[in-house]
Amino acid sequence: MEFCNKHMATISVMLLNIVSVVAIVIINKKIYEHGFTFYNTLMTMHFIATTVGVGIYQKLGGFELPETPPTYQKTFPIAACQLGSVMFVNYSLAFNSVGLYQILKLANIPVLCVVEFFWKGITYSLPVLSSLTVLLSGIGVSMVTDVSVNYWGLFHGVMATLTTAALQISVKDLSKGMTNEQSCYYVSPVSAMLFGGAALVLDGVLRLQTFDFSFELIVLLLVSCVCAFCINLSVFIIVGKTSPVTYQVVGHVKTILVIVGDFVLFSHPILMRNIGGMSLAMLGVFWYTYEKLKPKAPSPPAVEDPVEMEGLNPKDRK
C-alpha cells in the first residue's frame, strides 16, 4: 500500500506517456498517408498545443507560477537541444540504414550514463547497469539487422545522441528549481518559436498554403496535437521525478509496443528473433524497475564520541 501511494502518480504519468507515444506514431502515419509531410510544421503545432494546454492547466489551478520565472539563458538552450534532437534524429533515420539508426538509438543510455558521471558525478550500481545491459541486448537482437555506415549519417546519429543527452539532463536540472509543470510551461513556447522558424525555412510556405486540408486530416492533426501535449508534459514530469536514464528505459518500452502495434494493426511481419529479443528486453525493464524501486538500505547512524556527548574535550581525560 505504501509503495502504491509513493509511486502510483509517477507510474500513471509513465503509462500516459507510453499510450500517447504509441497513439501519436499511429496517427502520424495516417497524417503522412494524406500527403502532409511538413514535419517541422507538425512539430510547431505540437508545441503550440503544449503551450496552450499547459497554460489552460495553470489557469485551472493545476500549478502555481514561480515568483521569479526562469531566464531565457535557461530555457533557450533546452529548446535548442529539443530542436536539435528532433532534427538530428530525423536526419539520422534518413541517411543511415535502419540497423545503424537503431544502434545509435541504443547508445543513448550508455552516453547518458557517461555524461552524467563526468558532468554531474552520478553513478549507477552494478545491478542497475546489468539490467540496462540486458535491456539493450534484447532491443539489439530484436531490431538491429542490416548495418551500413556512411560518415554523413553517422554524424547526424552521434549529434542526435548528444543533443538528446544534453536535453534530458538540462530538463532535470531545470526541474530542481521549480515544478515539472512550471518547466514545461516556460520551455514549450520557446520550442514552438524555434520549430516555427525551422518550418518557415525547411517546409516551404507556398507549398503549405496551397495544400488541400481534408476534414479527416484536420481531425487527425488535432488528435496528434492532443497526444503531443500529453507527451511533452509527461516528459518533463518523468525526467523531473525520476532520471534521464529511466525515461530512456520507458522509451524502449514504447518501441516494443510500437512494434507490437504494427503487427496487430498493420499486419507487419514479426519473426521469432523479434519475439525473443523483445522478451529479453522486457526482462531487463522489469529488472531495472525492481532495482530502482526496491527499498534502500538505511544509512548507519553516526557514532558520536561519548566524551564529546558529555560536553568534555578529549584532552581533558585523565
# chains A, B, ... in the order shown; residues from 1 in each chain; ligands from 1
>>> select_by_dssp(residues="segment 15-155 of chain A", states="alpha helix (DSSP H)", output="count of residues only")
109
>>> residues_around(residues="Asn150 of chain A", least_positions_apart="6", cutoff="10 Å", atoms="only C-alpha atoms", output="NGL selection string")
:A and (95-97 or 100)
>>> write_last_selection(atoms="all heavy atoms", output="short mmCIF file (atom, residue, chain, number, x, y, z; two decimals), in the first residue's frame")
data_model
loop_
_atom_site.label_atom_id
_atom_site.label_comp_id
_atom_site.auth_asym_id
_atom_site.auth_seq_id
_atom_site.Cartn_x
_atom_site.Cartn_y
_atom_site.Cartn_z
N PHE A 95 19.48 9.25 -43.40
CA PHE A 95 20.79 8.99 -44.01
C PHE A 95 21.40 7.65 -43.62
O PHE A 95 22.32 7.18 -44.28
CB PHE A 95 21.77 10.11 -43.65
CG PHE A 95 21.49 11.41 -44.35
CD1 PHE A 95 20.89 12.47 -43.68
CD2 PHE A 95 21.82 11.59 -45.68
CE1 PHE A 95 20.63 13.66 -44.32
CE2 PHE A 95 21.57 12.78 -46.34
CZ PHE A 95 20.97 13.83 -45.66
N ASN A 96 20.91 7.04 -42.53
CA ASN A 96 21.50 5.79 -42.06
C ASN A 96 20.63 4.60 -42.44
O ASN A 96 19.43 4.73 -42.69
CB ASN A 96 21.67 5.81 -40.53
CG ASN A 96 22.80 6.71 -40.09
OD1 ASN A 96 23.89 6.69 -40.67
ND2 ASN A 96 22.57 7.52 -39.06
N SER A 97 21.26 3.42 -42.46
CA SER A 97 20.48 2.19 -42.56
C SER A 97 19.68 2.03 -41.27
O SER A 97 20.01 2.62 -40.23
CB SER A 97 21.40 1.00 -42.76
OG SER A 97 22.23 0.81 -41.62
N LEU A 100 21.93 0.75 -38.32
CA LEU A 100 22.79 1.74 -37.68
C LEU A 100 21.97 2.76 -36.90
O LEU A 100 22.38 3.19 -35.81
CB LEU A 100 23.65 2.45 -38.74
CG LEU A 100 24.65 3.48 -38.20
CD1 LEU A 100 25.61 2.85 -37.21
CD2 LEU A 100 25.41 4.15 -39.34
#
>>> residues_around(residues="Val258 of chain A", least_positions_apart="3", cutoff="6 Å", atoms="only C-alpha atoms", output="short mmCIF file (atom, residue, chain, number, x, y, z; two decimals) with N, CA, C and O atoms, in the first residue's frame")
data_model
loop_
_atom_site.label_atom_id
_atom_site.label_comp_id
_atom_site.auth_asym_id
_atom_site.auth_seq_id
_atom_site.Cartn_x
_atom_site.Cartn_y
_atom_site.Cartn_z
N VAL A 22 2.61 5.77 -28.45
CA VAL A 22 2.14 4.73 -29.38
C VAL A 22 1.02 5.28 -30.25
O VAL A 22 0.98 5.05 -31.46
N THR A 255 9.02 1.58 -27.80
CA THR A 255 9.46 0.99 -29.06
C THR A 255 8.90 -0.42 -29.23
O THR A 255 8.41 -0.80 -30.30
N GLY A 261 2.19 -3.03 -32.00
CA GLY A 261 1.07 -2.34 -32.63
C GLY A 261 1.10 -2.45 -34.15
O GLY A 261 0.06 -2.63 -34.79
#
>>> residues_around(residues="segment 195-207 of chain A", least_positions_apart="3", cutoff="12 Å", atoms="only C-alpha atoms", output="PyMOL selection string")
chain A and resi 35-48+79-87+188-192+210-212
>>> residues_around(residues="Val219 of chain A", least_positions_apart="6", cutoff="12 Å", atoms="only C-alpha atoms", output="PyMOL selection string")
chain A and resi 27-28+30-31+213+225-226
>>> write_last_selection(atoms="all heavy atoms", output="CSV table (one decimal), in the first residue's frame")
chain,number,residue,atom,x,y,z
A,27,ILE,N,-1.1,7.7,-35.4
A,27,ILE,CA,-1.8,8.8,-36.0
A,27,ILE,C,-1.0,9.6,-37.0
A,27,ILE,O,-1.5,9.9,-38.1
A,27,ILE,CB,-2.3,9.8,-34.9
A,27,ILE,CG1,-3.4,9.1,-34.1
A,27,ILE,CG2,-2.8,11.1,-35.5
A,27,ILE,CD1,-3.7,9.8,-32.8
A,28,ASN,N,0.3,9.8,-36.7
A,28,ASN,CA,1.2,10.5,-37.7
A,28,ASN,C,1.4,9.7,-38.9
A,28,ASN,O,1.5,10.3,-40.0
A,28,ASN,CB,2.5,10.8,-37.0
A,28,ASN,CG,2.4,12.0,-36.0
A,28,ASN,OD1,1.4,12.6,-35.9
A,28,ASN,ND2,3.5,12.2,-35.3
A,30,LYS,N,-0.9,8.0,-40.3
A,30,LYS,CA,-2.1,8.3,-41.1
A,30,LYS,C,-2.0,9.7,-41.7
A,30,LYS,O,-2.5,9.9,-42.8
A,30,LYS,CB,-3.4,8.2,-40.2
A,30,LYS,CG,-3.7,6.8,-39.7
A,30,LYS,CD,-4.2,5.9,-40.8
A,30,LYS,CE,-4.6,4.6,-40.3
A,30,LYS,NZ,-5.1,3.7,-41.4
A,31,ILE,N,-1.4,10.6,-40.9
A,31,ILE,CA,-1.3,12.0,-41.4
A,31,ILE,C,-0.4,12.0,-42.6
A,31,ILE,O,-0.7,12.7,-43.7
A,31,ILE,CB,-0.7,12.9,-40.3
A,31,ILE,CG1,-1.8,13.1,-39.2
A,31,ILE,CG2,-0.2,14.3,-40.9
A,31,ILE,CD1,-1.3,13.9,-38.0
A,213,PHE,N,-6.4,20.7,-47.2
A,213,PHE,CA,-6.7,20.1,-45.9
A,213,PHE,C,-8.1,19.5,-45.9
A,213,PHE,O,-9.1,20.2,-46.0
A,213,PHE,CB,-6.6,21.1,-44.8
A,213,PHE,CG,-5.2,21.6,-44.5
A,213,PHE,CD1,-4.6,22.6,-45.2
A,213,PHE,CD2,-4.5,20.9,-43.5
A,213,PHE,CE1,-3.3,23.0,-44.9
A,213,PHE,CE2,-3.2,21.3,-43.2
A,213,PHE,CZ,-2.6,22.4,-43.9
A,225,CYS,N,-2.1,16.7,-31.9
A,225,CYS,CA,-1.7,17.7,-31.0
A,225,CYS,C,-2.0,17.4,-29.6
A,225,CYS,O,-1.2,17.7,-28.7
A,225,CYS,CB,-2.3,19.0,-31.5
A,225,CYS,SG,-1.6,19.8,-33.0
A,226,VAL,N,-3.2,16.8,-29.4
A,226,VAL,CA,-3.5,16.4,-28.0
A,226,VAL,C,-2.6,15.4,-27.5
A,226,VAL,O,-2.1,15.5,-26.3
A,226,VAL,CB,-5.0,15.9,-28.0
A,226,VAL,CG1,-5.3,15.3,-26.6
A,226,VAL,CG2,-6.0,17.0,-28.3
>>> closest_residue(among="A:Val114, A:Lys172, A:Gln209, A:Val128", to="Lys294 of chain A", atoms="only C-alpha atoms")
A:Val128
>>> closest_residue(among="A:Cys113, A:Leu154, A:Leu280, A:Ile18", to="Leu129 of chain A", atoms="only C-alpha atoms")
A:Cys113
>>> atom_distance(atom1="atom CA of Gly157 of chain A", atom2="atom CA of Ile139 of chain A")
17.5 Å
>>> closest_residue(among="A:Val187, A:Ala9, A:Leu16, A:Val158", to="Lys254 of chain A", atoms="only C-alpha atoms")
A:Leu16
>>> residues_around(residues="Val19 of chain A", least_positions_apart="5", cutoff="9 Å", atoms="only C-alpha atoms", output="VMD selection string")
chain A and resid 14 24 227 254
>>> closest_residue(among="A:Phe63, A:Tyr124, A:Tyr32, A:Phe229", to="Ser243 of chain A", atoms="only C-alpha atoms")
A:Tyr124
>>> atom_distance(atom1="atom CA of Glu33 of chain A", atom2="atom CA of Asn17 of chain A")
24.2 Å
>>> decode(residues="segment 33-45 of chain A", atoms="all heavy atoms", output="PDB file, in the first residue's frame")
ATOM      1  N   GLU A  33       0.101   9.638 -44.705  1.00  0.00           N
ATOM      2  CA  GLU A  33      -0.595   8.995 -45.826  1.00  0.00           C
ATOM      3  C   GLU A  33      -1.497   9.980 -46.568  1.00  0.00           C
ATOM      4  O   GLU A  33      -1.817   9.766 -47.740  1.00  0.00           O
ATOM      5  CB  GLU A  33      -1.430   7.821 -45.311  1.00  0.00           C
ATOM      6  CG  GLU A  33      -0.603   6.614 -44.872  1.00  0.00           C
ATOM      7  CD  GLU A  33      -1.440   5.515 -44.247  1.00  0.00           C
ATOM      8  OE1 GLU A  33      -2.681   5.685 -44.199  1.00  0.00           O
ATOM      9  OE2 GLU A  33      -0.872   4.498 -43.800  1.00  0.00           O
ATOM     10  N   HIS A  34      -1.911  11.048 -45.886  1.00  0.00           N
ATOM     11  CA  HIS A  34      -2.705  12.103 -46.535  1.00  0.00           C
ATOM     12  C   HIS A  34      -1.822  13.091 -47.307  1.00  0.00           C
ATOM     13  O   HIS A  34      -2.342  14.083 -47.835  1.00  0.00           O
ATOM     14  CB  HIS A  34      -3.536  12.861 -45.499  1.00  0.00           C
ATOM     15  CG  HIS A  34      -4.767  12.133 -45.049  1.00  0.00           C
ATOM     16  ND1 HIS A  34      -4.731  11.034 -44.210  1.00  0.00           N
ATOM     17  CD2 HIS A  34      -6.087  12.346 -45.333  1.00  0.00           C
ATOM     18  CE1 HIS A  34      -5.964  10.606 -43.988  1.00  0.00           C
ATOM     19  NE2 HIS A  34      -6.803  11.384 -44.650  1.00  0.00           N
ATOM     20  N   GLY A  35      -0.525  12.841 -47.356  1.00  0.00           N
ATOM     21  CA  GLY A  35       0.379  13.724 -48.088  1.00  0.00           C
ATOM     22  C   GLY A  35       0.910  14.885 -47.286  1.00  0.00           C
ATOM     23  O   GLY A  35       1.625  15.737 -47.821  1.00  0.00           O
ATOM     24  N   PHE A  36       0.591  14.955 -45.986  1.00  0.00           N
ATOM     25  CA  PHE A  36       1.071  16.047 -45.133  1.00  0.00           C
ATOM     26  C   PHE A  36       2.459  15.671 -44.628  1.00  0.00           C
ATOM     27  O   PHE A  36       2.614  14.979 -43.621  1.00  0.00           O
ATOM     28  CB  PHE A  36       0.110  16.264 -43.959  1.00  0.00           C
ATOM     29  CG  PHE A  36       0.394  17.520 -43.176  1.00  0.00           C
ATOM     30  CD1 PHE A  36      -0.200  18.718 -43.518  1.00  0.00           C
ATOM     31  CD2 PHE A  36       1.258  17.508 -42.087  1.00  0.00           C
ATOM     32  CE1 PHE A  36       0.047  19.879 -42.789  1.00  0.00           C
ATOM     33  CE2 PHE A  36       1.524  18.654 -41.361  1.00  0.00           C
ATOM     34  CZ  PHE A  36       0.917  19.842 -41.716  1.00  0.00           C
ATOM     35  N   THR A  37       3.482  16.122 -45.340  1.00  0.00           N
ATOM     36  CA  THR A  37       4.870  15.795 -44.993  1.00  0.00           C
ATOM     37  C   THR A  37       5.632  17.012 -44.478  1.00  0.00           C
ATOM     38  O   THR A  37       6.852  17.080 -44.593  1.00  0.00           O
ATOM     39  CB  THR A  37       5.596  15.206 -46.220  1.00  0.00           C
ATOM     40  OG1 THR A  37       5.498  16.138 -47.307  1.00  0.00           O
ATOM     41  CG2 THR A  37       4.979  13.882 -46.630  1.00  0.00           C
ATOM     42  N   PHE A  38       4.917  17.942 -43.883  1.00  0.00           N
ATOM     43  CA  PHE A  38       5.540  19.148 -43.331  1.00  0.00           C
ATOM     44  C   PHE A  38       5.916  18.858 -41.872  1.00  0.00           C
ATOM     45  O   PHE A  38       5.209  19.240 -40.934  1.00  0.00           O
ATOM     46  CB  PHE A  38       4.576  20.328 -43.428  1.00  0.00           C
ATOM     47  CG  PHE A  38       4.039  20.562 -44.810  1.00  0.00           C
ATOM     48  CD1 PHE A  38       2.789  20.072 -45.181  1.00  0.00           C
ATOM     49  CD2 PHE A  38       4.787  21.255 -45.753  1.00  0.00           C
ATOM     50  CE1 PHE A  38       2.295  20.285 -46.452  1.00  0.00           C
ATOM     51  CE2 PHE A  38       4.296  21.476 -47.032  1.00  0.00           C
ATOM     52  CZ  PHE A  38       3.049  20.980 -47.386  1.00  0.00           C
ATOM     53  N   TYR A  39       7.051  18.182 -41.710  1.00  0.00           N
ATOM     54  CA  TYR A  39       7.412  17.662 -40.391  1.00  0.00           C
ATOM     55  C   TYR A  39       7.635  18.774 -39.364  1.00  0.00           C
ATOM     56  O   TYR A  39       7.181  18.675 -38.220  1.00  0.00           O
ATOM     57  CB  TYR A  39       8.671  16.804 -40.508  1.00  0.00           C
ATOM     58  CG  TYR A  39       8.561  15.711 -41.553  1.00  0.00           C
ATOM     59  CD1 TYR A  39       9.345  15.728 -42.707  1.00  0.00           C
ATOM     60  CD2 TYR A  39       7.658  14.664 -41.391  1.00  0.00           C
ATOM     61  CE1 TYR A  39       9.228  14.739 -43.666  1.00  0.00           C
ATOM     62  CE2 TYR A  39       7.536  13.664 -42.337  1.00  0.00           C
ATOM     63  CZ  TYR A  39       8.320  13.711 -43.477  1.00  0.00           C
ATOM     64  OH  TYR A  39       8.197  12.738 -44.421  1.00  0.00           O
ATOM     65  N   ASN A  40       8.345  19.827 -39.747  1.00  0.00           N
ATOM     66  CA  ASN A  40       8.621  20.910 -38.799  1.00  0.00           C
ATOM     67  C   ASN A  40       7.356  21.703 -38.478  1.00  0.00           C
ATOM     68  O   ASN A  40       7.183  22.187 -37.350  1.00  0.00           O
ATOM     69  CB  ASN A  40       9.699  21.835 -39.364  1.00  0.00           C
ATOM     70  CG  ASN A  40      11.043  21.151 -39.482  1.00  0.00           C
ATOM     71  OD1 ASN A  40      11.693  20.841 -38.507  1.00  0.00           O
ATOM     72  ND2 ASN A  40      11.469  20.882 -40.720  1.00  0.00           N
ATOM     73  N   THR A  41       6.463  21.824 -39.451  1.00  0.00           N
ATOM     74  CA  THR A  41       5.177  22.476 -39.189  1.00  0.00           C
ATOM     75  C   THR A  41       4.370  21.674 -38.183  1.00  0.00           C
ATOM     76  O   THR A  41       3.751  22.235 -37.269  1.00  0.00           O
ATOM     77  CB  THR A  41       4.377  22.626 -40.495  1.00  0.00           C
ATOM     78  OG1 THR A  41       5.128  23.410 -41.418  1.00  0.00           O
ATOM     79  CG2 THR A  41       3.032  23.293 -40.237  1.00  0.00           C
ATOM     80  N   LEU A  42       4.401  20.347 -38.333  1.00  0.00           N
ATOM     81  CA  LEU A  42       3.677  19.488 -37.390  1.00  0.00           C
ATOM     82  C   LEU A  42       4.271  19.623 -35.990  1.00  0.00           C
ATOM     83  O   LEU A  42       3.524  19.709 -35.001  1.00  0.00           O
ATOM     84  CB  LEU A  42       3.742  18.036 -37.864  1.00  0.00           C
ATOM     85  CG  LEU A  42       2.979  17.010 -37.018  1.00  0.00           C
ATOM     86  CD1 LEU A  42       1.500  17.348 -36.958  1.00  0.00           C
ATOM     87  CD2 LEU A  42       3.175  15.592 -37.584  1.00  0.00           C
ATOM     88  N   MET A  43       5.604  19.673 -35.886  1.00  0.00           N
ATOM     89  CA  MET A  43       6.226  19.852 -34.579  1.00  0.00           C
ATOM     90  C   MET A  43       5.876  21.211 -33.974  1.00  0.00           C
ATOM     91  O   MET A  43       5.664  21.330 -32.760  1.00  0.00           O
ATOM     92  CB  MET A  43       7.744  19.708 -34.701  1.00  0.00           C
ATOM     93  CG  MET A  43       8.225  18.307 -35.016  1.00  0.00           C
ATOM     94  SD  MET A  43       7.759  17.095 -33.754  1.00  0.00           S
ATOM     95  CE  MET A  43       8.519  17.795 -32.301  1.00  0.00           C
ATOM     96  N   THR A  44       5.803  22.234 -34.819  1.00  0.00           N
ATOM     97  CA  THR A  44       5.395  23.564 -34.335  1.00  0.00           C
ATOM     98  C   THR A  44       3.991  23.508 -33.766  1.00  0.00           C
ATOM     99  O   THR A  44       3.715  24.066 -32.689  1.00  0.00           O
ATOM    100  CB  THR A  44       5.461  24.588 -35.484  1.00  0.00           C
ATOM    101  OG1 THR A  44       6.771  24.594 -36.042  1.00  0.00           O
ATOM    102  CG2 THR A  44       5.128  25.985 -34.981  1.00  0.00           C
ATOM    103  N   MET A  45       3.091  22.840 -34.480  1.00  0.00           N
ATOM    104  CA  MET A  45       1.718  22.683 -33.989  1.00  0.00           C
ATOM    105  C   MET A  45       1.706  21.944 -32.655  1.00  0.00           C
ATOM    106  O   MET A  45       0.930  22.297 -31.757  1.00  0.00           O
ATOM    107  CB  MET A  45       0.886  21.934 -35.032  1.00  0.00           C
ATOM    108  CG  MET A  45       0.695  22.684 -36.343  1.00  0.00           C
ATOM    109  SD  MET A  45       0.003  21.638 -37.650  1.00  0.00           S
ATOM    110  CE  MET A  45      -1.589  21.237 -36.943  1.00  0.00           C
TER     111      MET A  45
END
